[in-house]
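Asker: I have a structure here, written as structure tokens, and I will follow up with some questions on it.
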Amino acid sequence: MTDERDERPLLAGVCGNPIAQSKSPRLFRHWFETYGLAGHYVPLKVAAPDFPDAIRGLQKAGFRGVNCTIPHKISALEIADEVSDSARAIGAANTLTFRRDGSFFADNTDAFGFIENLRIGAAGWDPPSAPAVMLGAGGAARAGIFALLEAGVPAVRVLNRTREKAQKLRDHFGERVEAISWNERNDALAGSGVIVNSTSLGMLGNPPLELVLADASKDAVVTDMVYNPLETPLLAAAKARGMIAVDGLGMLLHQARPGFRTWFEIDPDVTAGLRAACLEGVR
Ligand code: NAP
């Protein structure tokens with residue numbers, strides 16, 4: 001089936017506020033070039049109250065869809081006619097597809113990006129074999145917990161500075177999630193198979209995450225959702241201990257794949273060239 005959209009250049013974008021820091025335009029440009037597509041992926045600074053009008057306008061202008069980042073991830077869910085299982089379970093959407101029939105489909109691809117990055121970065125990691133530890137209980141943690149539970153980890157220990165938020169995730173995701181006090185984070189590592197930082201600690205300009213890995217198994221995988229710097233103090237400490245350390249850039253790159261595939265009908269690869277293209281400005 002063809003429609004008017006087929007005669008236009010391929011259009012998509014990312015809505016957020018702020019948006020200048022987004023790496024997604026660079027990422028999509030690399031894929032357009034790699035696959036020889038005449039496409040444009042635009043950073044769109046949209047204030048929260050303007051989001052519904054902006055989305056309808058972009059749809060009328062022939063966009064195939066948009067990624068949504070802060071502060072639009074919940075509004076993207078609300079505007080959708082249909083919502084994926086992952087977006088519903090996570091309670092937020094980062095990918096909106098504008099269907100040919102005029103309806104909106106909301107998906108959350110952060111969970112996919114997180115688990116793909118982990119599976120590829122830690123080849124041989126066996127999810128069902130041991131509990132996971134999630135440090136942090138914000139939006140990124142929700143996606144990570146959903147992904148880990150789907151992948152089959154027996155349990156996720158969630159530790160957050162504000163304990164009530166960890167408890168809320170336990171209430172939301174059920175008994176395979178355990179809320180533990182932030183002060184107990186070093187002890188909570190014992191026996192875990194994967195340790196995840198989803199706090200903003202360790203990010204450029206923020207203090208490091210203070211975590212002593214001594215009680216963690218050397219076979220455990222350590223991953224950080226922070227990707228600037230690429231090697232956070234946590235990942236450096238894990239490597240120094242001989243553990244597998246997986247950086248957060250891969251999550252960002254893999255989460256973009258489903259949108260590109262749905263909008264432009266190509267499943268794009270995450271390659272060393274793509275990483276290099278997106279690393280500009282990352283320490
Ligand atoms: P968020 O919803 O604002 O959550 C921030 C988390 O960090 C909360 O758990 C917060 O704890 C914790 N935190 C902040 N300052 C802290 C401190 N001084 N001590 C202890 N905990 C602290 O943010 P988010 O969307 O989940 O994002 C979290 C991080 O993941 C960011 O660095 C973001 O860039 C990164 N991220 C990366 C990707 C990727 O593709 N790699 C995707 C999404 C997010 P409280 O609840 O106690 O405030």
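Identifiers in the structure tokens: chain A, B, ... in order shown; residue index from 1 per chain; ligand index from 1 in order shown.
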Taking only residues of chain A that have an atom at most 8 Å from an atom of ligand 1, what is each one's shortest atom pair and its distance in Å to one decimal, using only C-alpha atoms and all ligand atoms, in chain and number order, as CSV?

Answerer:
```
residue,atom,partner,partner_atom_place_in_ligand_line,distance
A:Ile70,CA,ligand 1,25 (O),7.9
A:Asp110,CA,ligand 1,42 (C),6.4
A:Gly113,CA,ligand 1,40 (O),7.1
A:Phe114,CA,ligand 1,40 (O),7.2
A:Leu135,CA,ligand 1,9 (O),7.1
A:Gly136,CA,ligand 1,9 (O),3.5
A:Ala137,CA,ligand 1,9 (O),4.0
A:Gly138,CA,ligand 1,2 (O),3.3
A:Gly139,CA,ligand 1,26 (O),3.8
A:Ala140,CA,ligand 1,26 (O),3.6
A:Ala141,CA,ligand 1,26 (O),5.6
A:Arg142,CA,ligand 1,26 (O),7.6
A:Asn160,CA,ligand 1,9 (O),5.5
A:Arg161,CA,ligand 1,47 (O),3.9
A:Thr162,CA,ligand 1,47 (O),3.8
A:Arg163,CA,ligand 1,47 (O),7.1
A:Lys165,CA,ligand 1,46 (O),6.1
A:Asn197,CA,ligand 1,30 (O),7.7
A:Ser198,CA,ligand 1,30 (O),4.8
A:Thr199,CA,ligand 1,7 (O),3.3
A:Ser200,CA,ligand 1,32 (O),3.6
A:Leu201,CA,ligand 1,16 (C),5.8
A:Gly202,CA,ligand 1,32 (O),7.9
A:Met203,CA,ligand 1,32 (O),6.0
A:Asn206,CA,ligand 1,18 (N),7.7
A:Pro207,CA,ligand 1,18 (N),7.0
A:Leu209,CA,ligand 1,19 (N),7.4
A:Asp224,CA,ligand 1,41 (N),7.6
A:Met225,CA,ligand 1,41 (N),4.2
A:Val226,CA,ligand 1,32 (O),4.6
A:Tyr227,CA,ligand 1,41 (N),5.9
A:Gly248,CA,ligand 1,41 (N),4.2
A:Leu249,CA,ligand 1,41 (N),5.3
A:Gly250,CA,ligand 1,41 (N),6.9
A:Met251,CA,ligand 1,40 (O),4.4
A:Leu252,CA,ligand 1,40 (O),3.4
A:Leu253,CA,ligand 1,40 (O),7.1
A:Gln255,CA,ligand 1,40 (O),6.9
```

Asker: Any chance you can output those residues with C-alpha atoms as a CSV table (one decimal), in the first residue's frame?

Answerer:
```
chain,number,residue,atom,x,y,z
A,70,ILE,CA,12.0,14.0,29.0
A,110,ASP,CA,14.6,1.1,26.5
A,113,GLY,CA,18.0,-1.6,24.2
A,114,PHE,CA,19.1,-2.5,27.8
A,135,LEU,CA,20.7,0.6,41.8
A,136,GLY,CA,18.2,3.4,41.2
A,137,ALA,CA,14.4,3.5,40.9
A,138,GLY,CA,13.7,6.1,38.3
A,139,GLY,CA,12.4,5.7,34.7
A,140,ALA,CA,15.5,3.9,33.4
A,141,ALA,CA,15.3,1.5,36.3
A,142,ARG,CA,11.7,0.6,35.4
A,160,ASN,CA,17.3,3.5,45.9
A,161,ARG,CA,18.3,6.6,47.9
A,162,THR,CA,14.6,7.3,48.3
A,163,ARG,CA,13.5,3.9,49.5
A,165,LYS,CA,10.4,4.5,45.2
A,197,ASN,CA,23.6,1.4,37.8
A,198,SER,CA,20.5,3.3,36.7
A,199,THR,CA,21.1,6.3,38.9
A,200,SER,CA,22.7,9.4,37.5
A,201,LEU,CA,25.7,9.0,39.8
A,202,GLY,CA,28.9,8.7,37.9
A,203,MET,CA,27.7,10.9,35.1
A,206,ASN,CA,27.9,14.2,39.2
A,207,PRO,CA,29.6,12.4,42.1
A,209,LEU,CA,28.4,5.9,42.7
A,224,ASP,CA,26.1,1.3,33.8
A,225,MET,CA,23.3,3.1,32.1
A,226,VAL,CA,25.4,6.3,32.3
A,227,TYR,CA,27.4,6.6,29.1
A,248,GLY,CA,25.7,2.4,28.6
A,249,LEU,CA,26.2,3.6,25.1
A,250,GLY,CA,25.1,0.3,23.6
A,251,MET,CA,21.7,0.7,25.4
A,252,LEU,CA,21.2,4.0,23.7
A,253,LEU,CA,22.1,2.7,20.3
A,255,GLN,CA,16.9,1.2,21.8
```

Asker: Quick one: everything within 12 Å of Thr271 of chain A, counting only C-alpha atoms, minus sequence neighbours fewer than 5 positions away in the same chain. Send it as a list of chain:residue names.

Answerer: A:Leu27, A:His30, A:Trp31, A:Thr34, A:Ile120, A:Leu249, A:Gly250, A:Leu253, A:His254, A:Ala276, A:Ala277, A:Cys278

Asker: Find the residues around Ala48 of chain A up to 7 Å (only C-alpha atoms counted), leave out those fewer than 3 positions away in its own chain, and share them as number ranges by chain.

Answerer: A: 51, 71-72

Asker: Can you tell me which residues surround segment 91-94 of chain A at a distance of at most 8 Å, considering only C-alpha atoms, apart from same-chain residues fewer than 3 positions away, and format the answer as a PyMOL selection string?

Answerer: chain A and resi 67-69+73-74+76-77+87-88+106-110+139

Asker: Taking the DSSP secondary structure from the backbone, can you list the residues of segment 25-204 of chain A that are alpha helix (DSSP H), as a PyMOL selection string?

Answerer: chain A and resi 25-34+51-60+73-79+85-90+110-121+139-151+163-173

Asker: Pick the closest to Ile244 of chain A from A:Ala123, A:Leu189, A:Val42, A:Val66: which is it, counting only C-alpha atoms?

Answerer: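 Of A:Ala123, A:Leu189, A:Val42, A:Val66, the one nearest Ile244 of chain A is A:Ala123, counting only C-alpha atoms.
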
Asker: Could you state the separation of atom CA of Val153 of chain A and atom CA of Pro229 of chain A in Å, given to one decimal place?

Answerer: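 Value for the atom CA of Val153 of chain A-atom CA of Pro229 of chain A distance: 28.1 Å.
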
Asker: Can you measure atom CA of Ile266 of chain A to atom CA of Gly144 of chain A for me? One decimal in Å is fine.

Answerer: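 The value is 25.5 Å.
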
Asker: Rounded to one decimal in Å, what is the spacing between atom CA of Ala61 of chain A and atom CA of Arg8 of chain A?

Answerer: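 Between these atoms lies a distance of 9.6 Å.
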
Asker: Write out as a PDB file with N, CA, C and O atoms, in the first residue's frame which residues come within 12 Å of Ala54 of chain A when counting only C-alpha atoms, dropping same-chain ones fewer than 5 positions away.

Answerer:
```
ATOM      1  N   GLY A  13      11.855  12.124  14.119  1.00  0.00           N
ATOM      2  CA  GLY A  13      12.541  13.068  14.994  1.00  0.00           C
ATOM      3  C   GLY A  13      12.480  12.639  16.430  1.00  0.00           C
ATOM      4  O   GLY A  13      12.013  11.550  16.764  1.00  0.00           O
ATOM      5  N   VAL A  14      12.988  13.516  17.285  1.00  0.00           N
ATOM      6  CA  VAL A  14      12.940  13.254  18.731  1.00  0.00           C
ATOM      7  C   VAL A  14      12.403  14.505  19.418  1.00  0.00           C
ATOM      8  O   VAL A  14      12.899  15.601  19.204  1.00  0.00           O
ATOM      9  N   CYS A  15      11.348  14.299  20.222  1.00  0.00           N
ATOM     10  CA  CYS A  15      10.709  15.397  20.960  1.00  0.00           C
ATOM     11  C   CYS A  15      11.198  15.384  22.398  1.00  0.00           C
ATOM     12  O   CYS A  15      11.108  14.354  23.078  1.00  0.00           O
ATOM     13  N   GLY A  16      11.641  16.515  22.868  1.00  0.00           N
ATOM     14  CA  GLY A  16      12.065  16.624  24.263  1.00  0.00           C
ATOM     15  C   GLY A  16      12.223  18.071  24.644  1.00  0.00           C
ATOM     16  O   GLY A  16      12.047  18.964  23.824  1.00  0.00           O
ATOM     17  N   LEU A  44      13.500  18.073  18.101  1.00  0.00           N
ATOM     18  CA  LEU A  44      12.328  18.952  18.219  1.00  0.00           C
ATOM     19  C   LEU A  44      12.148  19.378  19.671  1.00  0.00           C
ATOM     20  O   LEU A  44      11.824  18.542  20.531  1.00  0.00           O
ATOM     21  N   LYS A  45      12.392  20.646  19.933  1.00  0.00           N
ATOM     22  CA  LYS A  45      12.211  21.152  21.301  1.00  0.00           C
ATOM     23  C   LYS A  45      10.739  21.484  21.479  1.00  0.00           C
ATOM     24  O   LYS A  45      10.222  22.414  20.847  1.00  0.00           O
ATOM     25  N   VAL A  46      10.075  20.703  22.308  1.00  0.00           N
ATOM     26  CA  VAL A  46       8.627  20.851  22.479  1.00  0.00           C
ATOM     27  C   VAL A  46       8.323  20.972  23.973  1.00  0.00           C
ATOM     28  O   VAL A  46       8.702  20.093  24.758  1.00  0.00           O
ATOM     29  N   ALA A  47       7.644  22.065  24.359  1.00  0.00           N
ATOM     30  CA  ALA A  47       7.258  22.234  25.766  1.00  0.00           C
ATOM     31  C   ALA A  47       6.145  21.242  26.102  1.00  0.00           C
ATOM     32  O   ALA A  47       5.341  20.875  25.235  1.00  0.00           O
ATOM     33  N   ALA A  48       6.090  20.848  27.373  1.00  0.00           N
ATOM     34  CA  ALA A  48       5.152  19.793  27.774  1.00  0.00           C
ATOM     35  C   ALA A  48       3.704  20.065  27.338  1.00  0.00           C
ATOM     36  O   ALA A  48       3.061  19.176  26.758  1.00  0.00           O
ATOM     37  N   PRO A  49       3.164  21.277  27.552  1.00  0.00           N
ATOM     38  CA  PRO A  49       1.743  21.479  27.194  1.00  0.00           C
ATOM     39  C   PRO A  49       1.497  21.422  25.682  1.00  0.00           C
ATOM     40  O   PRO A  49       0.360  21.210  25.255  1.00  0.00           O
ATOM     41  N   GLN A  59       2.465  14.532  12.447  1.00  0.00           N
ATOM     42  CA  GLN A  59       1.788  13.478  11.686  1.00  0.00           C
ATOM     43  C   GLN A  59       1.255  14.038  10.365  1.00  0.00           C
ATOM     44  O   GLN A  59       1.440  13.436   9.305  1.00  0.00           O
ATOM     45  N   LYS A  60       0.633  15.217  10.438  1.00  0.00           N
ATOM     46  CA  LYS A  60       0.087  15.839   9.216  1.00  0.00           C
ATOM     47  C   LYS A  60       1.199  16.219   8.241  1.00  0.00           C
ATOM     48  O   LYS A  60       0.999  16.233   7.024  1.00  0.00           O
ATOM     49  N   ALA A  61       2.386  16.526   8.779  1.00  0.00           N
ATOM     50  CA  ALA A  61       3.515  16.914   7.924  1.00  0.00           C
ATOM     51  C   ALA A  61       4.206  15.706   7.289  1.00  0.00           C
ATOM     52  O   ALA A  61       5.167  15.869   6.541  1.00  0.00           O
ATOM     53  N   PHE A  63       5.543  12.913   8.969  1.00  0.00           N
ATOM     54  CA  PHE A  63       6.508  12.153   9.764  1.00  0.00           C
ATOM     55  C   PHE A  63       6.013  10.715   9.941  1.00  0.00           C
ATOM     56  O   PHE A  63       4.816  10.469  10.021  1.00  0.00           O
ATOM     57  N   GLY A  65       7.126   8.927  12.570  1.00  0.00           N
ATOM     58  CA  GLY A  65       7.041   8.734  14.017  1.00  0.00           C
ATOM     59  C   GLY A  65       8.075   9.592  14.704  1.00  0.00           C
ATOM     60  O   GLY A  65       8.855  10.291  14.048  1.00  0.00           O
ATOM     61  N   VAL A  66       8.068   9.529  16.030  1.00  0.00           N
ATOM     62  CA  VAL A  66       9.069  10.266  16.810  1.00  0.00           C
ATOM     63  C   VAL A  66       9.494   9.458  18.022  1.00  0.00           C
ATOM     64  O   VAL A  66       8.720   8.657  18.551  1.00  0.00           O
ATOM     65  N   CYS A  68      10.479   9.948  21.978  1.00  0.00           N
ATOM     66  CA  CYS A  68      10.066  10.910  23.004  1.00  0.00           C
ATOM     67  C   CYS A  68      10.979  10.763  24.202  1.00  0.00           C
ATOM     68  O   CYS A  68      11.231   9.650  24.668  1.00  0.00           O
ATOM     69  N   HIS A  72       8.270  13.970  27.967  1.00  0.00           N
ATOM     70  CA  HIS A  72       7.102  13.530  27.191  1.00  0.00           C
ATOM     71  C   HIS A  72       6.798  12.033  27.274  1.00  0.00           C
ATOM     72  O   HIS A  72       5.915  11.544  26.568  1.00  0.00           O
ATOM     73  N   SER A  75       3.214  11.407  28.463  1.00  0.00           N
ATOM     74  CA  SER A  75       2.252  11.970  27.497  1.00  0.00           C
ATOM     75  C   SER A  75       2.185  11.114  26.239  1.00  0.00           C
ATOM     76  O   SER A  75       1.123  10.980  25.627  1.00  0.00           O
ATOM     77  N   ALA A  76       3.323  10.543  25.842  1.00  0.00           N
ATOM     78  CA  ALA A  76       3.352   9.702  24.632  1.00  0.00           C
ATOM     79  C   ALA A  76       2.453   8.475  24.817  1.00  0.00           C
ATOM     80  O   ALA A  76       1.803   8.014  23.876  1.00  0.00           O
ATOM     81  N   ILE A  79      -1.331   9.728  24.608  1.00  0.00           N
ATOM     82  CA  ILE A  79      -1.874  10.135  23.307  1.00  0.00           C
ATOM     83  C   ILE A  79      -2.115   8.922  22.386  1.00  0.00           C
ATOM     84  O   ILE A  79      -2.826   9.011  21.385  1.00  0.00           O
TER      85      ILE A  79
END
```

Asker: Which residues, written as a compact mmCIF listing (two decimals) with N, CA and C atoms, in the first residue's frame, have at least one atom at most 10 Å from Gly121 of chain A, with only C-alpha atoms counted and residues fewer than 4 positions away on the same chain left out?

Answerer:
```txt
# COMPACT_ATOMS: atom_id res chain seq x y z
N ILE A 115 18.59 -4.82 27.30
CA ILE A 115 18.89 -6.26 27.33
C ILE A 115 19.75 -6.67 26.13
N GLU A 116 19.55 -6.04 24.99
CA GLU A 116 20.40 -6.33 23.83
C GLU A 116 21.85 -5.96 24.14
N ASN A 117 22.03 -4.80 24.76
CA ASN A 117 23.37 -4.33 25.11
C ASN A 117 24.04 -5.31 26.06
N TRP A 125 26.40 -14.50 29.47
CA TRP A 125 25.64 -14.20 30.69
C TRP A 125 24.34 -15.01 30.66
N VAL A 221 28.24 -9.66 36.06
CA VAL A 221 28.41 -8.64 35.02
C VAL A 221 28.01 -7.29 35.63
N THR A 223 26.98 -3.38 34.68
CA THR A 223 26.63 -2.48 33.58
C THR A 223 26.15 -1.15 34.14
N ILE A 244 33.27 -8.56 34.08
CA ILE A 244 32.83 -8.06 32.77
C ILE A 244 32.09 -6.75 33.00
N ALA A 245 32.48 -5.70 32.27
CA ALA A 245 31.87 -4.38 32.42
C ALA A 245 31.27 -3.95 31.08
N VAL A 246 29.99 -3.58 31.10
CA VAL A 246 29.29 -3.22 29.86
C VAL A 246 28.85 -1.76 29.96
N ASP A 247 29.34 -0.93 29.02
CA ASP A 247 29.01 0.50 29.11
C ASP A 247 27.60 0.79 28.60
N GLY A 250 25.76 1.37 24.39
CA GLY A 250 25.08 0.34 23.59
C GLY A 250 23.57 0.34 23.83
```

Asker: Any idea what's packed within 9 Å of Leu37 of chain A, counting only C-alpha atoms, ignoring anything in its chain fewer than 5 positions away? Could you give it as a ChimeraX atom specification?

Answerer: /A:9-10,31-32,264
